[in-house]
Amino acid sequence: MKSSNKEKLFTEHPRTRSRLILFSLMVLTGFSLISGKIAFLASKENKKNISFTEREAIFSRLNISDRNGNILATNLEGASAYIRPDEIQKKSLVAQRLKGIFPDLNEAVLLNKLNDGRKFFWLKSIVSPRQEKALFDLGQPGIYFGKREYRFYPYGTLASHVLGYTKVNEFDVNYAEISGISGVERAFENKLAIKNSSKVKNKSINLSLDLPVQAEVENVLKEWQKRMGAKAGGVVMMNIHNGEIVALASSPDFNANKERGVLGKDKDSSIYFNRVIQGVYEMGSTFKIFSVAQGLEKDLFTLDSLVDTRAFRINSRKIEDKYKFNSESSIYEIIVRSSNVGSARLALMVGEKGLKEIFSKLGLLEPVRLELREANTTRPILPKNWHDITLATVSYGYGMSVSLLHLAKAYAILGNGGFNIEPTILKKNHNSQSGSRVLKKTTSDEMLKLLEAVVTDQRGTARILRSKYYRIGGKTGTAEKISLGTRGYQKDKVFANFVGLFPLQEPRFVIAAFLDEPENNLLQEPCRYASCTVVPMVKKLIERTGPLMNVAPGHQALVFYRGL
Amino acid sequence: MLKFFLIGTLIGSTFALGLWAYKINYDSRAADQRVKELEKSILSANKNFKILNAEWAHLNRPDRLRKLTEYYFSELRLTPINPDDFISFSDIYRGQFSENESTVLVDKRLTGITYEE
């Protein structure tokens, strides 16, 4: 009975329980769906906020600045203009007005583009702020602006060969990706093109160049190139201890804000050709001290040893000097007065193995390991064989071509106590040598004495360089240029160069300079030798840039007062 | 009684919690908006900074400065720096100067002594 009463009171449908469970499950799923959606929305909105700023800065590029933080290259924001023709009614009128804003546009082509049914075309990839305003003031529908970043070089032609230039790689309505084509812009592409700018804020690549020094070097170089009627010129100044390049100028140069051409086959006349790094030339007498260095290194002779300096023949080829020498001259005199015969004799004493050894120690047999690609791809042109006649001519700088940078590096090693260095275009934080020793200290000391003698000796080829301010040492070189037609050398076209070290009481800098086909007509008779073309230029360069680099004249403890 | 009180508190606290959550939500949205605006203004300030830096560099072009020094030479008498502009400590204390004004200026700063001509 009891059980039947109970059944009456709580009549449970057989499926009630399962329905209840189903119902609560549905409710639960519904709620979890809603909360899931809420969570999703919340997280999505958050991401949107971050991407707002990231998108703005994503296609930015780092600045390039000199050693003191002066900006040499920067990115600026501009605008590009594009057109949707189907939004324009009076097409011929619009074409006419656009022609008024951009005089370089062809009205007929423009009208054709407006009428041929396309949906979209670029008007200009970059418009100036003034043109942008003029376009805006037209109030014409169908003309749109897109964001564009472009590379700006505030100093124009300054250090153009070092900096290189960029091009727009791929672009869209709202961005353009810039990538480097040459120079630093190319060599440091990975560092410059930043993908996430929030992590690297306000940073730039600091070059080893010193803006005032670079500007002064370019100024003096251009002035002297003009004065000497030379078709090209180049200067490189480098710290001999850590290899920092303080100034590097190649003339003629270009303004990367306007000109962005490609280095074609005709390198010799191209403005994009970096003559200091990419140009390899026969250097002439600046090579003479290398065989001397090797002889001193191997104790074959001393600077006072006497060498036969009478003209002689190797395989019927006569080796002789332009000036008269005694039948025997000291090595000191051979270098100071620049004797080809003496130098050839020294090279034969040193031998093939010795000459190759010193060239390889000074890095003259391979490309200079500078960060720039231009340097890495520039191989010296070496002689095919090393017969006696080759040894003789190479010893005075014919039959082997290197770049001016090679020469600067070699002289730096000779002058810094004999340590290997690698030239660098980046600012270094230390001033000490990091390379290993390749030459004896005594060899380096003797070389410095010898190089100073070229300047201080009454008969020295660089005696014009004697300065009342600085102790300078160096070697001149004048190489006759190969005639392309006749395979011979041309007497009236020379490549004049000079490599020097200063200040000699404590050598800090190497300066290498050249002028291509110079002729000094300011003297009684025209002179093409380095001693009367490049050397006076170098004197001016050192006296102008020395104070800028805090090189005090003389020997005393000095105070620098203009900067107080 | 207790039952009513409990239910009342529960309803009240639910309402208060809801209100609080609403307020937090509202505040966070406002803060988000503010962050956006600030980021925008930082960005535009950075852009202006960049442009001004570039302009400053452009105005300080060595060839432009060279022309300006020539133009204003009569007033400023600026000349390129020269190795002669270095003087030694011994020269300062001995009082040997060129007729250069700036030498006397340095002398005053370094020694505190005024030399009379």
# chains A, B, ... in the order shown; residues from 1 in each chain; ligands from 1
$ closest_atom_pairs --of "chain B" --to "chain A" --cutoff "9 Å" --atoms "only C-alpha atoms" --output "JSON lines"
{"residue": "B:Asp32", "atom": "CA", "partner": "A:Asn49", "partner_atom": "CA", "distance": 8.0}
{"residue": "B:Val35", "atom": "CA", "partner": "A:Asn49", "partner_atom": "CA", "distance": 8.8}
{"residue": "B:Lys36", "atom": "CA", "partner": "A:Asn49", "partner_atom": "CA", "distance": 7.0}
{"residue": "B:Glu39", "atom": "CA", "partner": "A:Thr53", "partner_atom": "CA", "distance": 7.1}
{"residue": "B:Lys40", "atom": "CA", "partner": "A:Thr53", "partner_atom": "CA", "distance": 7.5}
{"residue": "B:Leu43", "atom": "CA", "partner": "A:Thr53", "partner_atom": "CA", "distance": 7.9}
{"residue": "B:Lys47", "atom": "CA", "partner": "A:Glu77", "partner_atom": "CA", "distance": 8.0}
{"residue": "B:Lys50", "atom": "CA", "partner": "A:Leu76", "partner_atom": "CA", "distance": 7.4}
{"residue": "B:Ile51", "atom": "CA", "partner": "A:Leu76", "partner_atom": "CA", "distance": 6.6}
{"residue": "B:Asn53", "atom": "CA", "partner": "A:Ile71", "partner_atom": "CA", "distance": 7.8}
{"residue": "B:Ala54", "atom": "CA", "partner": "A:Pro154", "partner_atom": "CA", "distance": 6.2}
{"residue": "B:Glu55", "atom": "CA", "partner": "A:Pro154", "partner_atom": "CA", "distance": 7.3}
{"residue": "B:Trp56", "atom": "CA", "partner": "A:Pro154", "partner_atom": "CA", "distance": 8.6}
{"residue": "B:Ala57", "atom": "CA", "partner": "A:Pro154", "partner_atom": "CA", "distance": 5.7}
{"residue": "B:His58", "atom": "CA", "partner": "A:Pro154", "partner_atom": "CA", "distance": 4.4}
{"residue": "B:Leu59", "atom": "CA", "partner": "A:Pro154", "partner_atom": "CA", "distance": 8.2}
{"residue": "B:Asn60", "atom": "CA", "partner": "A:Tyr155", "partner_atom": "CA", "distance": 8.1}
{"residue": "B:Arg61", "atom": "CA", "partner": "A:Tyr155", "partner_atom": "CA", "distance": 5.5}
{"residue": "B:Pro62", "atom": "CA", "partner": "A:Ala215", "partner_atom": "CA", "distance": 6.4}
{"residue": "B:Asp63", "atom": "CA", "partner": "A:Ala215", "partner_atom": "CA", "distance": 8.2}
{"residue": "B:Pro80", "atom": "CA", "partner": "A:Arg544", "partner_atom": "CA", "distance": 7.6}
{"residue": "B:Ile81", "atom": "CA", "partner": "A:Pro547", "partner_atom": "CA", "distance": 6.6}
{"residue": "B:Asn82", "atom": "CA", "partner": "A:Pro547", "partner_atom": "CA", "distance": 6.3}
{"residue": "B:Pro83", "atom": "CA", "partner": "A:Pro547", "partner_atom": "CA", "distance": 5.6}
{"residue": "B:Asp84", "atom": "CA", "partner": "A:Tyr469", "partner_atom": "CA", "distance": 7.7}
{"residue": "B:Asp85", "atom": "CA", "partner": "A:Arg562", "partner_atom": "CA", "distance": 7.0}
{"residue": "B:Phe86", "atom": "CA", "partner": "A:Phe560", "partner_atom": "CA", "distance": 5.1}
{"residue": "B:Ile87", "atom": "CA", "partner": "A:Val559", "partner_atom": "CA", "distance": 5.6}
{"residue": "B:Ser88", "atom": "CA", "partner": "A:Leu558", "partner_atom": "CA", "distance": 4.2}
{"residue": "B:Phe89", "atom": "CA", "partner": "A:Leu558", "partner_atom": "CA", "distance": 6.0}
{"residue": "B:Ser90", "atom": "CA", "partner": "A:Ala557", "partner_atom": "CA", "distance": 8.6}
{"residue": "B:Ser102", "atom": "CA", "partner": "A:Arg562", "partner_atom": "CA", "distance": 7.8}
{"residue": "B:Thr103", "atom": "CA", "partner": "A:Tyr561", "partner_atom": "CA", "distance": 7.8}
{"residue": "B:Val106", "atom": "CA", "partner": "A:Tyr561", "partner_atom": "CA", "distance": 6.7}
$ select_by_dssp --residues "segment 210-433 of chain A" --states "strand (DSSP E)" --output "ChimeraX atom specification"
/A:232-239,245-251,281-282,306-308,312-314,317-319,328-330,401-402
$ atom_distance --atom1 "atom CA of Leu114 of chain A" --atom2 "atom CA of Lys90 of chain A"
10.1 Å
$ select_by_dssp --residues "segment 34-100 of chain B" --states "alpha helix (DSSP H)" --output "ChimeraX atom specification"
/B:34-59,62-71,73-76,89-94
$ closest_residue --among "A:Ile389, A:Val336, A:Cys532, A:Leu541" --to "Glu223 of chain A" --atoms "only C-alpha atoms"
A:Leu541
$ residues_around --residues "Ala159 of chain A" --least-positions-apart "3" --cutoff "12 Å" --atoms "only C-alpha atoms" --output "CSV table (one decimal) with C-alpha atoms, in the first residue's frame"
chain,number,residue,atom,x,y,z
A,64,ILE,CA,73.2,55.7,-40.2
A,65,SER,CA,75.3,58.2,-38.2
A,66,ASP,CA,78.9,59.1,-38.0
A,71,ILE,CA,72.8,61.6,-38.9
A,72,LEU,CA,74.1,60.6,-42.3
A,73,ALA,CA,71.0,58.8,-43.5
A,153,TYR,CA,70.7,61.8,-46.9
A,154,PRO,CA,70.9,65.2,-45.2
A,155,TYR,CA,74.4,66.0,-46.3
A,156,GLY,CA,73.8,65.2,-50.0
A,162,VAL,CA,80.6,54.8,-48.2
A,163,LEU,CA,76.9,55.1,-47.5
A,164,GLY,CA,75.7,53.8,-50.8
A,165,TYR,CA,72.0,54.0,-51.7
A,183,GLY,CA,77.8,50.7,-49.6
A,184,VAL,CA,76.8,50.6,-45.9
A,207,LEU,CA,80.1,54.5,-38.5
A,208,SER,CA,83.8,55.2,-37.8
A,209,LEU,CA,83.6,58.3,-40.1
A,210,ASP,CA,84.1,61.7,-38.6
A,211,LEU,CA,81.8,64.2,-40.3
A,212,PRO,CA,84.0,67.4,-40.1
A,213,VAL,CA,87.1,65.4,-41.2
A,214,GLN,CA,85.2,63.7,-44.0
A,215,ALA,CA,83.8,67.1,-45.2
A,216,GLU,CA,87.2,68.7,-45.1
A,217,VAL,CA,88.8,65.8,-47.0
A,218,GLU,CA,86.2,66.0,-49.7
A,219,ASN,CA,86.5,69.7,-49.9
A,234,GLY,CA,90.5,59.5,-53.8
A,235,VAL,CA,91.6,59.8,-50.2
A,236,VAL,CA,91.4,57.4,-47.3
A,245,ILE,CA,88.3,54.5,-41.4
A,246,VAL,CA,88.0,58.2,-40.3
A,247,ALA,CA,87.4,59.5,-43.8
A,248,LEU,CA,87.0,58.0,-47.2
A,249,ALA,CA,86.4,60.1,-50.3
A,250,SER,CA,86.2,59.2,-53.9
A,251,SER,CA,85.7,61.9,-56.5
A,252,PRO,CA,83.6,62.4,-58.6
A,253,ASP,CA,80.8,61.5,-56.3
A,254,PHE,CA,77.0,61.6,-56.4
A,255,ASN,CA,73.9,62.8,-54.4
A,256,ALA,CA,71.9,59.7,-53.4
A,272,TYR,CA,79.0,55.3,-58.6
A,274,ASN,CA,84.3,53.9,-55.4
A,425,ILE,CA,83.8,51.2,-41.2
